[in-house]
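Trainee: Structure file run_29.txt, compact mmCIF, C-alpha atoms, is pasted below:
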```txt
# COMPACT_ATOMS: atom_id res chain seq x y z
CA MET A 1 -12.78 -52.80 -43.13
CA HIS A 2 -11.53 -53.31 -39.61
CA GLU A 3 -10.95 -57.02 -39.99
CA LEU A 4 -7.46 -56.70 -38.50
CA VAL A 5 -8.80 -55.29 -35.22
CA VAL A 6 -11.47 -57.94 -34.79
CA THR A 7 -9.12 -60.69 -35.93
CA LYS A 8 -6.67 -59.73 -33.20
CA GLN A 9 -9.49 -59.76 -30.64
CA LEU A 10 -10.58 -63.14 -31.92
CA LEU A 11 -7.06 -64.53 -31.70
CA LYS A 12 -6.74 -63.26 -28.13
CA GLN A 13 -9.90 -65.09 -27.10
CA VAL A 14 -8.96 -68.26 -28.91
CA LEU A 15 -5.52 -68.33 -27.25
CA LYS A 16 -7.13 -67.74 -23.87
CA TYR A 17 -9.40 -70.76 -24.32
CA ALA A 18 -6.49 -72.78 -25.65
CA ALA A 19 -4.43 -71.95 -22.55
CA ASP A 20 -7.35 -72.59 -20.17
CA ASN A 21 -7.83 -76.02 -21.71
CA GLN A 22 -4.13 -76.79 -22.01
CA VAL A 23 -4.32 -77.63 -25.68
CA ASP A 24 -1.28 -78.13 -27.90
CA GLN A 25 -2.65 -76.78 -31.13
CA VAL A 26 -5.76 -75.02 -32.38
CA LEU A 27 -6.86 -76.60 -35.64
CA ALA A 28 -10.04 -74.75 -36.50
CA ILE A 29 -12.14 -71.87 -35.24
CA HIS A 30 -15.89 -71.82 -35.64
CA LEU A 31 -17.51 -68.42 -36.11
CA GLN A 32 -20.98 -67.13 -36.75
CA ILE A 33 -21.07 -63.81 -38.58
CA GLY A 34 -24.32 -62.08 -39.50
CA ALA A 35 -25.01 -60.84 -43.02
CA LEU A 36 -25.25 -57.26 -41.74
CA ARG A 37 -21.67 -57.23 -40.47
CA GLY A 38 -19.20 -55.56 -42.79
CA ILE A 39 -16.68 -58.35 -42.48
CA VAL A 40 -15.00 -59.89 -45.52
CA ASP A 41 -14.08 -63.54 -44.90
CA GLU A 42 -11.03 -63.44 -47.09
CA TRP A 43 -9.51 -60.50 -45.21
CA MET A 44 -10.19 -62.15 -41.88
CA GLU A 45 -8.45 -65.28 -43.09
CA ARG A 46 -5.42 -63.37 -44.35
CA TYR A 47 -5.11 -61.30 -41.18
CA PHE A 48 -5.58 -64.36 -39.04
CA ALA A 49 -2.80 -66.19 -40.84
CA TYR A 50 -0.57 -63.16 -40.24
CA ALA A 51 -1.52 -62.45 -36.63
CA SER A 52 -1.40 -66.06 -35.46
CA ARG A 53 2.16 -66.79 -36.65
CA GLY A 54 4.19 -68.45 -33.91
CA SER A 55 1.14 -69.02 -31.69
CA LEU A 56 -0.82 -72.18 -30.83
CA ALA A 57 -3.37 -71.12 -33.40
CA GLU A 58 -0.94 -70.81 -36.31
CA GLY A 59 -2.42 -72.48 -39.36
CA ALA A 60 -5.89 -72.82 -37.84
CA VAL A 61 -8.75 -72.74 -40.32
CA LEU A 62 -11.57 -70.22 -39.87
CA LYS A 63 -14.89 -71.98 -40.37
CA ILE A 64 -17.26 -69.09 -40.88
CA GLN A 65 -20.98 -69.71 -40.82
CA ARG A 66 -22.80 -66.76 -42.34
CA VAL A 67 -26.09 -66.02 -40.64
CA PRO A 68 -28.63 -64.58 -43.07
CA GLY A 69 -30.65 -61.52 -42.12
CA SER A 70 -34.28 -61.99 -41.08
CA VAL A 71 -37.11 -60.09 -39.46
CA VAL A 72 -39.76 -61.26 -37.04
CA CYS A 73 -43.38 -60.13 -37.31
CA PRO A 74 -45.67 -59.49 -34.31
CA CYS A 75 -47.59 -62.58 -35.58
CA GLY A 76 -44.50 -64.63 -34.67
CA VAL A 77 -43.34 -65.66 -38.13
CA ILE A 78 -39.70 -65.12 -39.15
CA THR A 79 -39.07 -63.91 -42.70
CA PRO A 80 -35.64 -63.82 -44.40
CA ILE A 81 -34.56 -60.44 -45.80
CA GLU A 82 -32.31 -59.52 -48.65
CA LEU A 83 -30.34 -56.36 -48.08
CA GLY A 84 -30.90 -54.99 -51.56
CA HIS A 85 -34.67 -55.39 -51.26
CA LEU A 86 -35.58 -53.94 -47.91
CA ASP A 87 -38.60 -52.07 -49.22
CA GLU A 88 -40.24 -55.27 -50.43
CA VAL A 89 -40.26 -57.18 -47.15
CA VAL A 90 -43.59 -58.82 -46.40
CA CYS A 91 -44.22 -61.24 -43.55
CA LEU A 92 -44.43 -64.79 -44.88
CA GLY A 93 -47.03 -65.62 -42.23
CA CYS A 94 -49.62 -62.85 -42.34
CA GLY A 95 -48.53 -60.59 -45.19
CA GLY A 96 -48.00 -57.73 -42.75
CA GLN A 97 -45.42 -54.97 -43.30
CA GLN A 98 -45.74 -53.14 -40.01
CA ASN A 99 -43.61 -53.48 -36.88
CA LEU A 100 -41.26 -56.06 -38.34
CA ARG A 101 -38.26 -56.33 -36.06
CA LEU A 102 -34.77 -57.46 -36.99
CA TRP A 103 -34.30 -61.05 -35.87
CA SER A 104 -30.92 -62.14 -37.20
CA GLY A 105 -27.98 -60.80 -39.16
CA GLN A 106 -25.96 -58.97 -36.48
CA GLU A 107 -24.20 -62.00 -35.00
CA PHE A 108 -20.48 -61.93 -34.38
CA ILE A 109 -19.82 -64.95 -32.22
CA LEU A 110 -17.03 -67.39 -31.54
CA THR A 111 -18.96 -70.66 -31.30
CA GLY A 112 -16.15 -73.16 -30.84
CA ILE A 113 -12.58 -74.21 -31.42
CA GLU A 114 -11.28 -77.54 -32.67
CA VAL A 115 -8.15 -78.42 -30.78
CA TRP A 116 -5.47 -81.06 -30.67
CA GLY A 117 -4.25 -82.50 -27.41
CA LYS A 118 -7.00 -81.51 -25.00
CA GLU A 119 -6.78 -83.45 -21.78
CA ASP A 120 -9.79 -85.78 -21.55
CA GLU A 121 -11.53 -86.78 -18.31
CA HIS A 122 -9.13 -89.71 -17.80
CA GLY A 123 -6.16 -87.37 -18.01
CA GLY A 124 -2.98 -87.63 -20.00
CA ASN A 125 -4.56 -87.69 -23.41
CA TYR A 126 -1.57 -86.07 -25.06
CA PRO A 127 0.46 -86.96 -28.15
CA ASP A 128 3.90 -88.41 -27.48
CA MET B 1 -3.24 -91.03 -28.52
CA ALA B 2 -4.39 -87.47 -28.80
CA GLU B 3 -7.67 -86.59 -30.37
CA ILE B 4 -9.21 -83.66 -32.05
CA THR B 5 -11.71 -82.13 -29.65
CA LEU B 6 -14.28 -79.44 -30.27
CA ILE B 7 -14.58 -76.97 -27.41
CA ASP B 8 -18.03 -75.43 -27.57
CA LEU B 9 -18.12 -71.71 -26.88
CA LYS B 10 -20.53 -68.87 -27.24
CA GLN B 11 -18.52 -65.73 -26.95
CA GLU B 12 -18.95 -62.30 -28.52
CA ILE B 13 -15.79 -61.64 -30.49
CA ILE B 14 -15.33 -58.04 -29.42
CA ALA B 15 -15.73 -58.78 -25.70
CA ASP B 16 -12.87 -56.51 -24.52
CA ASN B 17 -14.58 -53.56 -26.10
CA GLU B 18 -17.87 -54.45 -24.39
CA GLN B 19 -16.14 -54.49 -21.04
CA SER B 20 -14.66 -51.00 -21.53
CA ALA B 21 -18.02 -49.76 -22.82
CA ASN B 22 -19.74 -50.99 -19.66
CA GLN B 23 -17.17 -49.20 -17.51
CA ILE B 24 -17.83 -46.01 -19.48
CA ARG B 25 -21.59 -46.36 -18.86
CA GLU B 26 -20.93 -46.64 -15.13
CA PHE B 27 -18.65 -43.60 -15.16
CA LEU B 28 -21.23 -41.53 -17.04
CA GLN B 29 -24.02 -42.54 -14.73
CA GLN B 30 -22.02 -41.55 -11.66
CA ARG B 31 -21.13 -38.18 -13.14
CA LYS B 32 -24.64 -37.66 -14.62
CA ILE B 33 -23.21 -37.07 -18.07
CA LYS B 34 -24.71 -38.18 -21.37
CA LEU B 35 -22.44 -39.36 -24.16
CA ILE B 36 -23.62 -39.00 -27.73
CA ASN B 37 -21.90 -40.82 -30.57
CA ILE B 38 -22.13 -38.97 -33.89
CA MET B 39 -21.45 -41.19 -36.90
CA GLY B 40 -21.58 -40.67 -40.66
CA SER B 41 -19.55 -40.56 -43.87
CA PRO B 42 -16.73 -38.09 -44.51
CA GLY B 43 -18.35 -34.83 -45.54
CA CYS B 44 -21.87 -35.59 -44.30
CA GLY B 45 -21.65 -32.63 -41.93
CA LYS B 46 -20.74 -34.02 -38.51
CA THR B 47 -18.58 -31.04 -37.50
CA SER B 48 -21.09 -28.54 -38.90
CA LEU B 49 -23.87 -30.23 -36.94
CA LEU B 50 -21.81 -29.91 -33.77
CA LEU B 51 -21.10 -26.24 -34.47
CA GLN B 52 -24.82 -25.58 -35.02
CA THR B 53 -25.70 -27.51 -31.87
CA ILE B 54 -23.15 -25.52 -29.86
CA ALA B 55 -24.40 -22.22 -31.30
CA ASN B 56 -27.98 -23.08 -30.29
CA TRP B 57 -27.29 -24.64 -26.92
CA PRO B 58 -28.26 -22.24 -24.12
CA ARG B 59 -25.52 -23.37 -21.72
CA PRO B 60 -22.31 -24.05 -23.68
CA GLU B 61 -20.35 -24.75 -20.48
CA GLU B 62 -22.27 -28.05 -20.29
CA LEU B 63 -20.80 -29.29 -23.57
CA ALA B 64 -17.58 -31.00 -24.63
CA VAL B 65 -16.58 -32.71 -27.84
CA ILE B 66 -14.27 -35.67 -28.37
CA GLU B 67 -13.02 -35.46 -31.95
CA GLY B 68 -11.94 -38.63 -33.67
CA ASP B 69 -9.91 -38.32 -36.84
CA ILE B 70 -7.28 -40.32 -38.60
CA ASP B 71 -5.02 -37.26 -38.46
CA SER B 72 -4.98 -33.46 -37.95
CA LEU B 73 -6.46 -31.03 -35.45
CA VAL B 74 -8.71 -29.06 -37.81
CA ASP B 75 -12.00 -30.25 -36.32
CA SER B 76 -11.10 -29.72 -32.67
CA GLU B 77 -9.76 -26.26 -33.53
CA LYS B 78 -13.15 -25.36 -35.02
CA ILE B 79 -14.96 -26.60 -31.91
CA GLN B 80 -12.61 -24.73 -29.59
CA ALA B 81 -13.05 -21.56 -31.64
CA ALA B 82 -16.79 -21.94 -30.95
CA GLY B 83 -16.02 -21.79 -27.23
CA VAL B 84 -16.44 -25.42 -26.27
CA LEU B 85 -13.92 -27.82 -24.79
CA ALA B 86 -12.58 -30.18 -27.46
CA LEU B 87 -10.32 -33.18 -27.18
CA GLN B 88 -8.72 -34.59 -30.30
CA ILE B 89 -8.06 -38.29 -30.77
CA ASN B 90 -5.95 -39.14 -33.79
CA THR B 91 -6.25 -42.82 -34.60
CA GLY B 92 -3.30 -42.83 -36.98
CA GLY B 93 -5.15 -44.87 -39.56
CA ALA B 94 -7.72 -46.83 -37.57
CA CYS B 95 -11.16 -46.62 -39.12
CA HIS B 96 -13.24 -46.25 -35.94
CA LEU B 97 -13.06 -45.22 -32.28
CA ASP B 98 -13.35 -47.98 -29.72
CA ALA B 99 -14.36 -47.92 -26.07
CA GLU B 100 -10.79 -48.03 -24.83
CA VAL B 101 -9.74 -44.75 -26.47
CA ILE B 102 -12.98 -43.07 -25.36
CA GLN B 103 -12.31 -44.21 -21.81
CA LYS B 104 -8.90 -42.53 -21.88
CA ALA B 105 -10.38 -39.35 -23.36
CA LEU B 106 -13.09 -39.20 -20.68
CA GLU B 107 -10.48 -39.54 -17.96
CA ALA B 108 -8.60 -36.60 -19.46
CA LEU B 109 -11.63 -34.29 -19.34
CA PRO B 110 -11.76 -31.86 -16.43
CA ASP B 111 -14.23 -32.50 -13.63
CA THR B 112 -16.50 -29.55 -14.39
CA ALA B 113 -20.18 -28.89 -15.08
CA LEU B 114 -20.22 -31.11 -18.17
CA LYS B 115 -23.61 -32.63 -18.98
CA LEU B 116 -23.36 -33.57 -22.61
CA ILE B 117 -20.31 -34.96 -24.38
CA PHE B 118 -20.39 -35.51 -28.12
CA VAL B 119 -18.07 -37.94 -29.83
CA GLU B 120 -17.45 -37.16 -33.46
CA ASN B 121 -16.55 -40.58 -34.78
CA ILE B 122 -14.31 -41.29 -37.78
CA GLY B 123 -16.03 -40.54 -41.08
CA ASN B 124 -17.11 -44.01 -42.11
CA LEU B 125 -20.45 -45.84 -42.38
CA VAL B 126 -19.05 -49.30 -41.70
CA CYS B 127 -16.69 -49.68 -38.77
CA PRO B 128 -18.05 -47.26 -36.13
CA ALA B 129 -21.33 -49.21 -36.26
CA GLU B 130 -19.60 -52.28 -34.89
CA PHE B 131 -18.03 -50.73 -31.80
CA ASP B 132 -20.03 -49.84 -28.72
CA ILE B 133 -18.30 -46.89 -27.01
CA GLY B 134 -20.58 -46.85 -23.97
CA GLU B 135 -22.68 -44.03 -25.40
CA ASN B 136 -26.22 -43.13 -24.31
CA LEU B 137 -27.31 -42.28 -27.81
CA LYS B 138 -26.11 -43.35 -31.24
CA VAL B 139 -26.77 -40.67 -33.82
CA MET B 140 -26.28 -41.28 -37.51
CA LEU B 141 -25.94 -38.44 -39.95
CA LEU B 142 -26.80 -38.98 -43.62
CA SER B 143 -26.60 -36.09 -46.06
CA VAL B 144 -28.92 -35.73 -49.04
CA PRO B 145 -26.13 -35.79 -51.68
CA GLU B 146 -25.12 -39.28 -50.45
CA GLY B 147 -28.41 -40.72 -51.71
CA ASP B 148 -31.40 -42.49 -50.15
CA ASP B 149 -30.02 -45.93 -51.02
CA LYS B 150 -27.15 -45.85 -48.49
CA ILE B 151 -29.30 -47.95 -46.17
CA LEU B 152 -29.09 -50.82 -48.65
CA LYS B 153 -25.30 -50.69 -48.69
CA TYR B 154 -24.61 -49.98 -45.01
CA PRO B 155 -27.49 -51.65 -43.17
CA LEU B 156 -25.75 -52.17 -39.83
CA MET B 157 -25.31 -48.43 -39.22
CA PHE B 158 -29.03 -47.82 -39.78
CA THR B 159 -29.90 -50.78 -37.57
CA ILE B 160 -27.92 -49.74 -34.50
CA ALA B 161 -28.68 -45.99 -34.61
CA ASP B 162 -31.19 -44.44 -32.20
CA VAL B 163 -31.46 -41.23 -34.21
CA LEU B 164 -31.05 -40.55 -37.91
CA LEU B 165 -30.42 -36.95 -38.89
CA ILE B 166 -30.99 -36.35 -42.59
CA ASN B 167 -28.69 -33.41 -43.22
CA LYS B 168 -28.34 -30.93 -46.09
CA ILE B 169 -32.07 -30.93 -46.84
CA ASP B 170 -31.45 -27.61 -48.60
CA TYR B 171 -30.13 -29.84 -51.42
CA LEU B 172 -33.41 -31.77 -51.77
CA PRO B 173 -34.75 -29.80 -54.77
CA GLU B 174 -31.58 -30.61 -56.74
CA GLN B 175 -31.34 -34.30 -55.82
CA ASP B 176 -33.24 -37.45 -56.59
CA PHE B 177 -33.57 -38.26 -52.89
CA SER B 178 -36.82 -39.61 -51.47
CA ILE B 179 -37.16 -39.13 -47.73
CA GLU B 180 -40.28 -41.32 -47.83
CA ARG B 181 -38.39 -44.19 -49.45
CA LEU B 182 -35.61 -43.88 -46.87
CA ARG B 183 -38.13 -43.84 -44.01
CA GLU B 184 -39.82 -46.99 -45.35
CA ARG B 185 -36.55 -48.85 -45.67
CA ALA B 186 -35.35 -47.69 -42.26
CA LYS B 187 -38.63 -48.78 -40.60
CA ILE B 188 -37.92 -52.39 -41.53
CA LEU B 189 -34.39 -52.51 -40.12
CA ASN B 190 -35.10 -50.27 -37.16
CA PRO B 191 -38.74 -49.44 -36.34
CA ASN B 192 -37.73 -47.29 -33.33
CA LEU B 193 -35.38 -45.03 -35.28
CA GLN B 194 -36.08 -41.32 -34.62
CA ILE B 195 -35.68 -39.36 -37.84
CA PHE B 196 -35.09 -35.61 -38.09
CA GLU B 197 -34.64 -33.56 -41.25
CA ILE B 198 -32.10 -30.80 -40.85
CA SER B 199 -29.76 -28.43 -42.61
CA SER B 200 -26.75 -27.41 -40.57
CA LYS B 201 -26.09 -24.71 -43.16
CA THR B 202 -29.47 -22.95 -43.12
CA GLY B 203 -30.36 -24.00 -39.56
CA GLN B 204 -33.59 -25.63 -40.73
CA GLY B 205 -34.80 -28.33 -38.33
CA ILE B 206 -32.03 -27.63 -35.81
CA ALA B 207 -34.49 -26.33 -33.19
CA LYS B 208 -36.28 -29.71 -33.12
CA TRP B 209 -32.98 -31.54 -32.70
CA ILE B 210 -31.97 -29.23 -29.83
CA GLN B 211 -35.39 -29.72 -28.25
CA TYR B 212 -35.03 -33.49 -28.54
CA LEU B 213 -31.64 -33.35 -26.79
CA GLU B 214 -32.99 -31.03 -24.06
CA ASP B 215 -36.04 -33.26 -23.46
CA ASN B 216 -33.91 -36.35 -23.21
CA LEU B 217 -31.39 -34.67 -20.96
CA SER B 218 -33.96 -33.28 -18.52
CA GLN B 219 -36.12 -36.37 -18.39
CA THR B 220 -33.09 -38.67 -18.44
CA ARG B 221 -34.91 -40.61 -21.08
CA ILE B 222 -31.75 -41.30 -23.00
CA LYS B 223 -30.76 -44.85 -22.08
```
Here is a file; write its structure as structure tokens.
Mentor:
Amino acid sequence: MHELVVTKQLLKQVLKYAADNQVDQVLAIHLQIGALRGIVDEWMERYFAYASRGSLAEGAVLKIQRVPGSVVCPCGVITPIELGHLDEVVCLGCGGQQNLRLWSGQEFILTGIEVWGKEDEHGGNYPD
Amino acid sequence: MAEITLIDLKQEIIADNEQSANQIREFLQQRKIKLINIMGSPGCGKTSLLLQTIANWPRPEELAVIEGDIDSLVDSEKIQAAGVLALQINTGGACHLDAEVIQKALEALPDTALKLIFVENIGNLVCPAEFDIGENLKVMLLSVPEGDDKILKYPLMFTIADVLLINKIDYLPEQDFSIERLRERAKILNPNLQIFEISSKTGQGIAKWIQYLEDNLSQTRIK
């Protein structure tokens, strides 16, 4: 719903890293987004294409890794959850239903950017 | 020859907001003020809850309300008519309040005996859940007519809330709403969620809510 706001924030961070690393072009952006986040990939892609026009990240591809939701039991075992079936969650390890704690699904992380023209340790690794 | 390089990062996407939220927390701590974020759908009763809370609060001079709406002043006018300082933020279309606008609103509040500031967030179960505004307590309001299955559709809101107020319980006899089922579902996403059953219209359950706020305020138990 607020994909435009977060997309602008994302672009800002990407451009900061691009500038810090003196890259010529950002080709792809790697993201991890949890299943519990109300973010629609398609809208993020559209807004990104719009917001990034004329910047180093224009045309960059969003590579979104969806992180499924899961809970962790006091016994230590992690069990995946499906959002439509929250009342049927049972620990895969011990069968327990008490004190399960959310383990994953809330991620919203920029995990990396693929760039063109980053200076390597020998220096001068730029296109002509 | 240039190469494609992958720069590894691990960065929260809404980092700017986090920074403002942390500054708000510092500000509140210095001034010994608690900030309470009230979230819920349009029509779930956020303004009515605030009016009931104001009516039952023994020291109204301690209270202020920051009203977030897409447009209009109707909510802040109601709060002001109840004798409490209200500040209206109109987002002009944005679906949530973020830490930056709250920071500006807090700076605009007078330096008085304020102890408790409520933020009435934009009516929406999706976006406000994603933005930390530096609050001490996240309160979610769900009204009985909305149904007990909202947790399946809007899980993040139920996951991040500290308190769930089930409002309009005077409608329970007419609705197919199971508080037990909701509690079971909520326990899985958020075992620490505090749940209160209230009706802002009849006043049922409001005393417990007020007591909870008073306890937390006096014992500074709110984070």
Trainee: Determine, counting only C-alpha atoms, which protein, DNA and RNA residues have an atom within 10 Å of an atom of Ile66 in chain B; residues of the same chain fewer than 2 positions away are not included. Present the result as a PyMOL selection string.
Mentor: chain B and resi 35-37+64+68-69+75-76+79+85-89+102+105-106+109+117-121
Trainee: Store the residues picked out above in a file with C-alpha atoms, as a compact mmCIF listing (two decimals), in the frame of the given file.
Mentor:
```txt
# COMPACT_ATOMS: atom_id res chain seq x y z
CA LEU B 35 -22.44 -39.36 -24.16
CA ILE B 36 -23.62 -39.00 -27.73
CA ASN B 37 -21.90 -40.82 -30.57
CA ALA B 64 -17.58 -31.00 -24.63
CA GLY B 68 -11.94 -38.63 -33.67
CA ASP B 69 -9.91 -38.32 -36.84
CA ASP B 75 -12.00 -30.25 -36.32
CA SER B 76 -11.10 -29.72 -32.67
CA ILE B 79 -14.96 -26.60 -31.91
CA LEU B 85 -13.92 -27.82 -24.79
CA ALA B 86 -12.58 -30.18 -27.46
CA LEU B 87 -10.32 -33.18 -27.18
CA GLN B 88 -8.72 -34.59 -30.30
CA ILE B 89 -8.06 -38.29 -30.77
CA ILE B 102 -12.98 -43.07 -25.36
CA ALA B 105 -10.38 -39.35 -23.36
CA LEU B 106 -13.09 -39.20 -20.68
CA LEU B 109 -11.63 -34.29 -19.34
CA ILE B 117 -20.31 -34.96 -24.38
CA PHE B 118 -20.39 -35.51 -28.12
CA VAL B 119 -18.07 -37.94 -29.83
CA GLU B 120 -17.45 -37.16 -33.46
CA ASN B 121 -16.55 -40.58 -34.78
```
Trainee: Tell me, in Å to one decimal, how far CA of Lys16 in chain A is from CA of Leu62 in chain A.
Mentor: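 Taking CA of Lys16 in chain A and CA of Leu62 in chain A, their separation equals 16.8 Å.
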Trainee: When distances are computed from all atoms listed in the file, which of B:Ile151, B:Ala94, B:Ala161, B:Leu50 shows the smallest separation from Arg181 in chain B?
Mentor: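 Using all atoms listed in the file, Arg181 in chain B sits closest to B:Ile151.
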Trainee: CA of Val14 in chain A and CA of Val67 in chain A, how far apart in Å?
Mentor: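 One can read the CA of Val67 in chain A to CA of Val14 in chain A distance as 20.9 Å.
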Trainee: What's the 9 Å shell around Val71 in chain A, counting only C-alpha atoms, without same-chain residues fewer than 5 positions away, as a compact mmCIF listing (two decimals) with C-alpha atoms, in the frame of the given file?
Mentor:
```txt
# COMPACT_ATOMS: atom_id res chain seq x y z
CA VAL A 77 -43.34 -65.66 -38.13
CA ILE A 78 -39.70 -65.12 -39.15
CA THR A 79 -39.07 -63.91 -42.70
CA PRO A 80 -35.64 -63.82 -44.40
CA ILE A 81 -34.56 -60.44 -45.80
CA VAL A 89 -40.26 -57.18 -47.15
CA CYS A 91 -44.22 -61.24 -43.55
CA LEU A 100 -41.26 -56.06 -38.34
CA ARG A 101 -38.26 -56.33 -36.06
CA LEU A 102 -34.77 -57.46 -36.99
CA TRP A 103 -34.30 -61.05 -35.87
CA SER A 104 -30.92 -62.14 -37.20
CA ILE B 188 -37.92 -52.39 -41.53
CA LEU B 189 -34.39 -52.51 -40.12
```
Trainee: As an exercise, work out the distance from CA of Thr7 in chain A to CA of Gln25 in chain A in Å and give it to one decimal place.
Mentor: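 CA of Thr7 in chain A sits 18.0 Å away from CA of Gln25 in chain A.
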Trainee: Which one is closest to Ile33 in chain A: A:Gly59, A:Gly69, A:Gly54, A:Gly93? Count only C-alpha atoms.
Mentor: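 Using only C-alpha atoms, Ile33 in chain A sits closest to A:Gly69.
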Trainee: Only residues of chain B matter here; which ones have an atom within 10 Å of chain A, counting all atoms listed in the file? Give them as number ranges by chain.
Mentor: B: 1-17, 94-96, 124-130, 149, 151-157, 159-160, 181-192
Trainee: Name the closest residue to Gly45 in chain B among the candidates B:Leu137, B:Ala113, B:Leu142, B:Val101; distances are taken between atoms, counting only C-alpha atoms.
Mentor: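 Of B:Leu137, B:Ala113, B:Leu142, B:Val101, the one nearest Gly45 in chain B, counting only C-alpha atoms, is B:Leu142.
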Trainee: With distances taken over all atoms listed in the file, which residue among B:Gly123, B:Gly134, B:Gly40, B:Pro145 lies nearest Tyr171 in chain B?
Mentor: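 Answer, going by the shortest atom-to-atom distance: B:Pro145.
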Trainee: Could you work out an axis-aligned box for range 5-8 of chain A, taking every atom the file lists and adding 5 Å on each side, and report centre and edge lengths in Å to one decimal, as AutoDock Vina command-line options?
Mentor:
```
--center_x -9.1 --center_y -58.0 --center_z -34.6 --size_x 14.8 --size_y 15.4 --size_z 12.7
```
Trainee: Given only C-alpha atoms as the basis, pick out the residue of B:Ile198, B:Ile54, B:Leu97, B:Ile206 nearest to Leu172 in chain B.
Mentor: B:Ile198
Trainee: Give me the residues near Gln194 in chain B as a list in words, where near means some atom within 7 Å (using all atoms listed in the file) and where sequence neighbours in that chain fewer than 4 positions away do not count.
Mentor: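 Skipping anything fewer than 4 positions along the chain leaves Asp162, Val163 and Leu164 of chain B.
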